[in-house]
$ cat target_39.txt   # compact mmCIF, C-alpha atoms
# COMPACT_ATOMS: atom_id res chain seq x y z
CA MET O 281 130.25 25.49 -23.89
CA ARG O 282 128.70 22.07 -23.24
CA VAL O 283 128.53 20.94 -19.61
CA GLY O 284 127.67 17.38 -18.64
CA SER O 285 127.87 15.09 -15.64
CA PHE O 286 130.50 12.40 -15.03
CA VAL O 287 128.81 9.35 -13.50
CA LEU O 288 130.98 6.82 -11.68
CA ALA O 289 128.28 5.00 -9.69
CA ALA O 290 130.68 5.33 -6.78
CA GLN O 291 130.07 3.10 -3.76
CA PHE O 292 130.78 5.14 -0.63
CA PRO O 293 131.56 3.44 2.70
CA GLY O 294 128.45 1.92 4.27
CA GLN O 295 126.52 1.88 0.99
CA GLY O 296 125.36 -1.06 -1.07
CA GLU O 297 126.02 -1.47 -4.78
CA GLY O 298 122.33 -1.02 -5.59
CA GLU O 299 122.31 2.34 -3.80
CA ALA O 300 125.30 3.50 -5.85
CA LEU O 301 123.71 2.41 -9.13
CA HIS O 302 120.35 3.99 -8.26
CA ARG O 303 122.10 7.29 -7.52
CA ALA O 304 123.91 7.05 -10.85
CA VAL O 305 120.68 6.55 -12.79
CA ARG O 306 118.86 9.32 -10.94
CA SER O 307 121.71 11.78 -11.40
CA ALA O 308 121.52 11.25 -15.17
CA GLU O 309 117.75 11.62 -15.24
CA VAL O 310 118.00 14.85 -13.27
CA ALA O 311 120.79 16.01 -15.61
CA GLU O 312 118.33 16.00 -18.49
CA GLU O 313 115.72 17.86 -16.42
CA ALA O 314 118.35 20.44 -15.44
CA GLY O 315 119.45 21.12 -19.01
CA LEU O 316 122.90 19.52 -18.93
CA ASP O 317 124.36 18.41 -22.23
CA THR O 318 125.69 14.88 -21.60
CA ALA O 319 125.92 12.15 -18.99
CA TRP O 320 129.35 10.48 -19.21
CA LEU O 321 129.42 6.97 -17.74
CA ALA O 322 132.48 5.31 -16.22
CA GLU O 323 133.22 1.58 -16.30
CA HIS O 324 135.03 -0.44 -13.62
CA HIS O 325 135.30 -4.09 -12.64
CA PHE O 326 135.52 -5.71 -9.22
CA VAL O 327 136.02 -2.46 -7.23
CA PRO O 328 133.73 -0.11 -5.27
CA TYR O 329 135.45 2.89 -6.88
CA GLY O 330 132.76 2.50 -9.54
CA THR O 331 130.04 -0.16 -9.59
CA CYS O 332 129.08 0.03 -13.28
CA PRO O 333 130.82 -2.86 -15.12
CA SER O 334 129.39 -1.99 -18.55
CA ALA O 335 129.12 1.63 -19.59
CA VAL O 336 127.37 0.76 -22.86
CA THR O 337 124.68 -1.22 -21.01
CA LEU O 338 123.99 1.65 -18.62
CA ALA O 339 124.06 4.02 -21.60
CA ALA O 340 121.31 1.98 -23.27
CA LEU O 341 119.13 2.29 -20.15
CA LEU O 342 119.65 6.03 -19.88
CA LEU O 343 119.12 6.69 -23.57
CA GLY O 344 115.80 4.89 -23.23
CA ARG O 345 114.80 6.99 -20.22
CA THR O 346 115.74 10.35 -21.73
CA ARG O 347 114.76 12.26 -24.86
CA ARG O 348 117.32 15.07 -25.23
CA LEU O 349 120.38 14.18 -23.14
CA ARG O 350 123.45 12.84 -24.90
CA VAL O 351 125.05 9.83 -23.22
CA GLY O 352 128.71 8.91 -23.54
CA THR O 353 131.01 6.26 -22.12
CA ALA O 354 133.98 7.56 -20.12
CA VAL O 355 135.22 5.10 -20.85
CA SER O 356 134.62 1.67 -22.31
CA VAL O 357 137.86 -0.22 -21.63
CA LEU O 358 139.05 -1.45 -25.00
CA PRO O 359 141.71 -4.02 -24.04
CA THR O 360 139.10 -6.16 -22.25
CA ALA O 361 136.49 -5.87 -25.03
CA HIS O 362 136.34 -7.14 -28.59
CA PRO O 363 136.30 -4.01 -30.77
CA VAL O 364 133.77 -5.48 -33.18
CA ALA O 365 131.35 -6.37 -30.38
CA LEU O 366 131.77 -2.90 -28.91
CA GLY O 367 131.33 -1.36 -32.36
CA GLU O 368 128.09 -3.26 -32.90
CA GLN O 369 126.76 -2.06 -29.56
CA ALA O 370 127.75 1.53 -30.35
CA ALA O 371 126.07 1.34 -33.75
CA LEU O 372 122.90 -0.03 -32.16
CA LEU O 373 122.77 2.81 -29.62
CA HIS O 374 123.56 5.37 -32.32
CA HIS O 375 120.63 4.20 -34.46
CA THR O 376 118.06 3.74 -31.73
CA SER O 377 118.82 6.97 -29.84
CA GLY O 378 118.71 9.26 -32.84
CA GLY O 379 122.45 9.91 -32.69
CA ARG O 380 122.67 10.81 -28.97
CA PHE O 381 125.43 8.32 -28.12
CA THR O 382 129.17 9.04 -27.88
CA LEU O 383 131.64 6.18 -27.52
CA GLY O 384 134.56 7.05 -25.27
CA VAL O 385 137.30 4.42 -25.12
CA GLY O 386 140.44 4.03 -23.08
CA ARG O 387 143.36 1.74 -22.36
CA GLY O 388 142.42 1.14 -18.74
CA GLY O 389 145.06 -0.18 -16.36
CA PRO O 390 147.15 -3.30 -15.70
CA TRP O 391 144.39 -4.72 -13.54
CA VAL O 392 143.24 -8.27 -12.87
CA ASP O 393 140.43 -7.56 -15.37
CA LEU O 394 142.89 -8.58 -18.09
CA GLU O 395 143.18 -12.02 -16.52
CA VAL O 396 139.47 -12.50 -15.88
CA PHE O 397 138.41 -11.58 -19.41
CA GLY O 398 141.26 -13.47 -21.04
CA ALA O 399 142.81 -10.48 -22.76
CA GLY O 400 146.22 -10.76 -21.10
CA LEU O 401 148.78 -8.10 -20.30
CA GLU O 402 149.80 -7.85 -23.96
CA ALA O 403 146.41 -6.34 -24.82
CA TYR O 404 147.03 -3.54 -22.33
CA GLU O 405 150.71 -2.91 -23.06
CA LYS O 406 150.74 -3.18 -26.87
CA GLY O 407 147.30 -3.96 -28.26
CA PHE O 408 145.39 -0.69 -27.82
CA PRO O 409 146.25 0.89 -31.22
CA GLU O 410 145.18 -2.24 -33.13
CA SER O 411 141.92 -2.46 -31.19
CA LEU O 412 141.19 1.25 -31.68
CA ASP O 413 141.81 1.10 -35.42
CA LEU O 414 139.57 -1.93 -35.83
CA LEU O 415 136.82 -0.26 -33.82
CA VAL O 416 136.96 2.96 -35.86
CA ARG O 417 136.94 1.02 -39.13
CA TRP O 418 133.88 -0.88 -37.95
CA LEU O 419 132.07 2.37 -37.24
CA ARG O 420 133.01 3.98 -40.58
CA GLU O 421 133.14 1.27 -43.28
CA PRO O 422 130.47 -0.97 -44.87
CA SER O 423 132.49 -4.18 -44.39
CA VAL O 424 135.59 -5.07 -42.42
CA ALA O 425 138.30 -7.74 -42.33
CA ALA O 426 141.23 -8.00 -39.92
CA ASP O 427 144.74 -9.39 -40.23
CA GLY O 428 146.52 -8.05 -37.16
CA GLU O 429 148.49 -9.38 -34.23
CA ARG O 430 145.43 -9.88 -32.05
CA PHE O 431 142.44 -9.94 -34.40
CA ARG O 432 142.18 -11.95 -37.62
CA PHE O 433 138.99 -12.69 -39.51
CA ARG O 434 137.58 -12.74 -43.05
CA GLU O 435 135.64 -9.77 -44.43
CA VAL O 436 132.17 -9.44 -42.97
CA PRO O 437 129.42 -6.85 -43.49
CA VAL O 438 128.80 -4.23 -40.81
CA VAL O 439 125.23 -4.63 -39.54
CA PRO O 440 123.74 -2.29 -38.50
CA ARG O 441 125.88 0.14 -40.40
CA PRO O 442 126.09 3.26 -38.20
CA SER O 443 126.90 5.64 -41.05
CA GLU O 444 123.48 4.93 -42.60
CA ALA O 445 121.68 6.40 -39.61
CA LEU O 446 120.28 9.93 -39.70
CA GLY O 447 121.56 10.54 -43.23
CA GLU O 448 125.12 10.91 -41.93
CA VAL O 449 128.42 10.17 -43.58
CA ALA O 450 130.03 9.15 -40.28
CA GLY O 451 128.70 7.10 -37.42
CA PRO O 452 128.85 7.82 -33.68
CA GLU O 453 131.51 10.08 -32.27
CA VAL O 454 134.55 8.36 -30.77
CA VAL O 455 136.70 10.03 -28.11
CA VAL O 456 139.87 8.66 -26.53
CA ALA O 457 140.93 8.97 -22.89
CA CYS O 458 144.45 10.42 -22.94
CA THR O 459 146.86 10.42 -19.99
CA SER O 460 150.27 10.49 -21.71
CA PRO O 461 151.99 11.96 -24.79
CA SER O 462 151.75 8.58 -26.52
CA SER O 463 147.96 8.43 -26.13
CA VAL O 464 147.65 12.07 -27.24
CA ARG O 465 149.64 11.18 -30.36
CA LEU O 466 147.45 8.13 -30.98
CA ALA O 467 144.27 10.19 -30.85
CA ALA O 468 145.70 13.00 -32.97
CA GLU O 469 146.90 10.67 -35.73
CA ARG O 470 143.33 9.39 -36.08
CA GLY O 471 141.63 12.76 -35.69
CA LEU O 472 139.79 11.69 -32.54
CA SER O 473 138.99 14.12 -29.74
CA MET O 474 140.46 13.54 -26.28
CA LEU O 475 138.93 12.98 -22.86
CA LEU O 476 141.32 14.45 -20.27
CA GLY O 477 141.25 13.30 -16.64
CA MET O 478 140.19 15.18 -13.56
CA HIS O 479 143.57 14.62 -11.88
CA VAL O 480 145.32 17.26 -14.03
CA GLY O 481 144.84 21.01 -14.12
CA ASP O 482 144.44 23.63 -16.81
CA GLU O 483 148.13 24.03 -17.62
CA GLU O 484 148.70 20.35 -18.33
CA LYS O 485 145.45 20.07 -20.27
CA ALA O 486 146.43 23.06 -22.40
CA GLU O 487 149.77 21.38 -23.13
CA MET O 488 148.00 18.18 -24.18
CA VAL O 489 145.64 20.07 -26.49
CA ALA O 490 148.63 21.85 -28.07
CA LEU O 491 150.44 18.54 -28.49
CA TRP O 492 147.32 17.01 -30.09
CA ARG O 493 147.14 19.85 -32.61
CA GLN O 494 150.85 19.57 -33.37
CA HIS O 495 150.64 15.84 -34.09
CA ALA O 496 147.38 16.21 -36.03
CA ARG O 497 148.98 18.81 -38.33
CA ALA O 498 152.11 16.69 -38.76
CA CYS O 499 149.95 13.73 -39.79
CA GLY O 500 148.15 15.80 -42.40
CA ARG O 501 144.75 15.86 -40.73
CA PRO O 502 142.42 18.40 -42.40
CA ALA O 503 142.58 21.92 -40.96
CA GLU O 504 138.83 22.04 -40.38
CA GLU O 505 139.02 18.79 -38.42
CA ILE O 506 141.78 20.17 -36.20
CA LEU O 507 139.91 23.43 -35.57
CA GLY O 508 136.65 21.58 -34.99
CA ALA O 509 138.00 19.04 -32.48
CA SER O 510 135.89 19.05 -29.34
CA HIS O 511 137.93 17.72 -26.45
CA VAL O 512 136.39 16.90 -23.06
CA SER O 513 137.70 17.96 -19.65
CA ALA O 514 136.75 15.78 -16.68
CA GLY O 515 136.48 17.34 -13.23
CA ILE O 516 134.32 17.58 -10.14
CA CYS O 517 131.62 20.08 -9.26
CA GLN O 518 130.07 20.81 -5.89
CA ILE O 519 127.87 23.85 -5.41
CA ALA O 520 127.02 25.63 -2.16
CA ASP O 521 126.25 29.17 -1.02
CA ARG O 522 129.78 29.37 0.42
CA ARG O 523 132.92 27.79 -1.00
CA VAL O 524 133.92 26.46 2.41
CA ASP O 525 130.65 24.51 2.62
CA ALA O 526 131.09 22.96 -0.83
CA ALA O 527 134.65 21.90 -0.04
CA GLU O 528 133.64 20.55 3.35
CA THR O 529 130.99 18.33 1.75
CA LEU O 530 133.60 16.73 -0.47
CA MET O 531 136.29 16.53 2.21
CA LYS O 532 133.90 14.61 4.46
CA ALA O 533 132.77 12.07 1.87
CA MET O 534 135.34 11.59 -0.87
CA PRO O 535 138.45 10.43 1.04
CA GLY O 536 136.61 7.39 2.44
CA TRP O 537 135.34 6.44 -1.00
CA LEU O 538 138.73 7.00 -2.62
CA LYS O 539 140.53 4.95 0.03
CA GLN O 540 138.36 1.86 -0.27
CA GLY O 541 137.97 2.25 -4.02
CA LEU O 542 141.62 2.71 -4.92
CA GLU O 543 142.86 0.07 -2.48
CA ALA O 544 140.59 -2.52 -4.11
CA HIS O 545 142.45 -2.40 -7.44
CA VAL O 546 144.57 -5.52 -7.99
CA THR O 547 147.29 -5.66 -10.65
CA VAL O 548 147.32 -8.58 -13.06
CA ASP O 549 151.04 -9.26 -12.67
CA GLY O 550 151.69 -8.29 -9.06
CA ARG O 551 153.53 -5.08 -9.97
CA THR O 552 153.90 -2.53 -7.20
CA ARG O 553 151.46 0.36 -7.46
CA ARG O 554 151.53 3.71 -5.71
CA MET O 555 148.16 4.83 -4.39
CA ARG O 556 147.27 8.50 -4.07
CA ASP O 557 146.68 9.84 -0.59
CA PRO O 558 142.86 10.15 -0.48
CA LEU O 559 142.78 13.31 1.61
CA ALA O 560 145.44 15.10 -0.42
CA TYR O 561 143.80 14.00 -3.67
CA THR O 562 140.43 15.38 -2.58
CA GLU O 563 142.09 18.68 -1.64
CA LEU O 564 143.77 18.78 -5.05
CA LEU O 565 140.47 18.21 -6.86
CA CYS O 566 138.73 20.91 -4.83
CA GLY O 567 141.44 23.33 -5.90
CA LEU O 568 141.41 22.42 -9.58
CA HIS O 569 137.71 22.34 -10.34
CA PRO O 570 134.40 24.21 -9.85
CA VAL O 571 133.79 23.76 -6.12
CA GLY O 572 132.02 26.65 -4.41
CA THR O 573 129.35 29.24 -5.15
CA PRO O 574 127.51 29.24 -8.50
CA ARG O 575 129.47 32.36 -9.56
CA LEU O 576 132.79 30.75 -8.65
CA CYS O 577 131.87 27.56 -10.50
CA ALA O 578 130.90 29.46 -13.63
CA ASP O 579 134.09 31.51 -13.51
CA ARG O 580 136.20 28.38 -13.03
CA LEU O 581 134.62 26.63 -16.04
CA ALA O 582 135.00 29.74 -18.20
CA ALA O 583 138.64 30.13 -17.17
CA THR O 584 139.44 26.49 -17.94
CA SER O 585 137.82 26.81 -21.36
CA GLU O 586 139.77 29.99 -22.11
CA ARG O 587 143.12 28.55 -20.95
CA THR O 588 142.79 25.16 -22.65
CA GLY O 589 140.50 25.68 -25.63
CA ILE O 590 138.30 22.88 -24.31
CA SER O 591 134.57 23.43 -24.72
CA ARG O 592 133.09 20.27 -23.16
CA PHE O 593 133.05 19.27 -19.50
CA ALA O 594 132.27 16.03 -17.70
CA LEU O 595 131.76 16.93 -14.03
CA LEU O 596 131.55 14.46 -11.17
CA VAL O 597 128.48 15.61 -9.26
CA GLU O 598 128.08 12.69 -6.81
CA GLY O 599 131.01 13.61 -4.56
CA SER O 600 128.76 13.96 -1.51
CA GLY O 601 127.82 10.29 -1.76
CA ASP O 602 124.21 11.20 -0.96
CA LEU O 603 121.30 10.85 -3.40
CA ALA O 604 119.34 13.93 -2.35
CA ALA O 605 122.48 16.08 -2.22
CA THR O 606 123.54 14.82 -5.65
CA GLU O 607 120.17 15.67 -7.18
CA GLU O 608 120.30 19.15 -5.65
CA ASN O 609 123.86 19.63 -6.92
CA VAL O 610 122.82 18.75 -10.48
CA ARG O 611 119.78 21.02 -10.35
CA ARG O 612 121.85 23.94 -9.08
CA LEU O 613 124.41 23.31 -11.81
CA GLY O 614 121.66 23.60 -14.40
CA ALA O 615 119.73 26.49 -12.85
CA GLU O 616 122.48 28.66 -11.34
CA VAL O 617 125.71 27.93 -13.25
CA LEU O 618 124.79 27.15 -16.86
CA PRO O 619 122.92 30.46 -17.41
CA GLN O 620 126.11 32.35 -16.47
CA LEU O 621 128.06 30.54 -19.21
CA VAL O 622 125.91 31.71 -22.12
$ encode --input "target_39.txt" --output "structure tokens"
Amino acid sequence: MRVGSFVLAAQFPGQGEGEALHRAVRSAEVAEEAGLDTAWLAEHHFVPYGTCPSAVTLAALLLGRTRRLRVGTAVSVLPTAHPVALGEQAALLHHTSGGRFTLGVGRGGPWVDLEVFGAGLEAYEKGFPESLDLLVRWLREPSVAADGERFRFREVPVVPRPSEALGEVAGPEVVVACTSPSSVRLAAERGLSMLLGMHVGDEEKAEMVALWRQHARACGRPAEEILGASHVSAGICQIADRRVDAAETLMKAMPGWLKQGLEAHVTVDGRTRRMRDPLAYTELLCGLHPVGTPRLCADRLAATSERTGISRFALLVEGSGDLAATEENVRRLGAEVLPQLV
């Protein structure tokens, strides 16, 4: 089982953006010290929900500051990025980090980001498969041309070629954020592992893994690839000597952050959006994920792995909104929970 942190660089009420980013960097540095496997970095634009606008840029910083920790994006939003530019950045990080970088990509939402970056609503509604295929080709082939709906260009060489690093056949790992049957199918058809959100529980995640395997088999993906797929489960983790104390920490801090963060999202086309109730959402997350004593947290992670077949976890550890508390939470995760999972 591989347990990592999920870093949003969340801006809690009363905090500045620099404080949120400093906490994000420190939490990743402490994750390496504590023996965690990966730091997964979120990407958001124009909202305090998450103050990191470029997951690959923050990944470069953290890969330079660490020596063992893997760093992944969770996720780089593909509709607002050019897949070749993102592929070049991923290849650069793959080479210079010794293969410690994982590129997670997702479709994002119908936000004003699409207007600001000039992608348009079409890129979100219809363009994700084309962008994903171009990105994967860039990371796997020596030269690439494009003749699609959105991207058209003559054949050009891939430099640096990620598959030449470390004597590998393939380049950096690519995972896809999946929130619907259509995105599960998309990932399965391409043999790409999934990143599953923290808003769903074990039963739904197990169903998505089963659906992925079904589609992968139907598409003729190799059996060893299907068996070897390493999906990622996102969640939250808060550790205390009593479960009530861990839950109380989150119930005090997270609803305020969720309220201001979620309310700040603006749709590109003015469509009506339904916002989750921050208090109820926090309660839901506390019930779904490892929140409580070290023993409870270890048991919860083991149970999720057994029920879903998922072996990798990306756990939000900054739910207290406090730097010192976040560092302590990460250290306890490494010292008191991970040894119980061996």
$ residues_near_point --input "target_39.txt" --point "(139.3, 1.2, -38.4)" --cutoff "12 Å" --atoms "only C-alpha atoms" --output "list in words"
Pro363, Val364, Gly367, Pro409, Glu410, Ser411, Leu412, Asp413, Leu414, Leu415, Val416, Arg417, Trp418, Leu419, Arg420, Glu421, Pro422, Ser423, Val424, Ala425, Ala426, Gly428, Val454 and Arg470 of chain O
$ residues_around --input "target_39.txt" --residues "Pro442 in chain O" --least-positions-apart "6" --cutoff "8 Å" --atoms "only C-alpha atoms" --output "PyMOL selection string"
chain O and resi 371-372+374-375+419-420+450-452
$ closest_residue --input "target_39.txt" --among "O:Thr588, O:Thr337, O:Thr529, O:Thr346" --to "Leu373 in chain O" --atoms "only C-alpha atoms"
O:Thr337
$ residues_around --input "target_39.txt" --residues "Trp320 in chain O" --least-positions-apart "6" --cutoff "9 Å" --atoms "only C-alpha atoms" --output "PyMOL selection string"
chain O and resi 284-288+308+335+339+350-355+382+384+594-595
$ atom_distance --input "target_39.txt" --atom1 "CA of Thr573 in chain O" --atom2 "CA of Asp602 in chain O"
19.2 Å
$ closest_residue --input "target_39.txt" --among "O:Pro293, O:Gly315, O:Gly589, O:Gly481" --to "Leu565 in chain O" --atoms "all atoms listed in the file"
O:Gly481
$ atom_distance --input "target_39.txt" --atom1 "CA of Ala498 in chain O" --atom2 "CA of Gly471 in chain O"
11.6 Å
$ closest_residue --input "target_39.txt" --among "O:Arg611, O:Val385, O:Gly400, O:Gln540" --to "Ala520 in chain O" --atoms "all atoms listed in the file"
O:Arg611
$ closest_residue --input "target_39.txt" --among "O:Arg432, O:His569, O:Arg523, O:Arg587" --to "Glu487 in chain O" --atoms "only C-alpha atoms"
O:Arg587
$ residues_around --input "target_39.txt" --residues "Arg612 in chain O" --least-positions-apart "5" --cutoff "12 Å" --atoms "only C-alpha atoms" --output "ChimeraX atom specification"
/O:310-311,313-316,517-521,572-575,577-578,597,605-607,617-620
$ closest_residue --input "target_39.txt" --among "O:Leu358, O:Thr331, O:Ala509, O:Glu312" --to "Leu343 in chain O" --atoms "all atoms listed in the file"
O:Glu312
$ closest_residue --input "target_39.txt" --among "O:Val396, O:Pro461, O:Met488, O:Pro437" --to "Ile590 in chain O" --atoms "only C-alpha atoms"
O:Met488
$ atom_distance --input "target_39.txt" --atom1 "CA of Glu469 in chain O" --atom2 "CA of His495 in chain O"
6.6 Å
$ residues_around --input "target_39.txt" --residues "Glu484 in chain O" --least-positions-apart "3" --cutoff "12 Å" --atoms "only C-alpha atoms" --output "NGL selection string"
:O and (458-461 or 476-481 or 487-491 or 513 or 568 or 584 or 587-588)
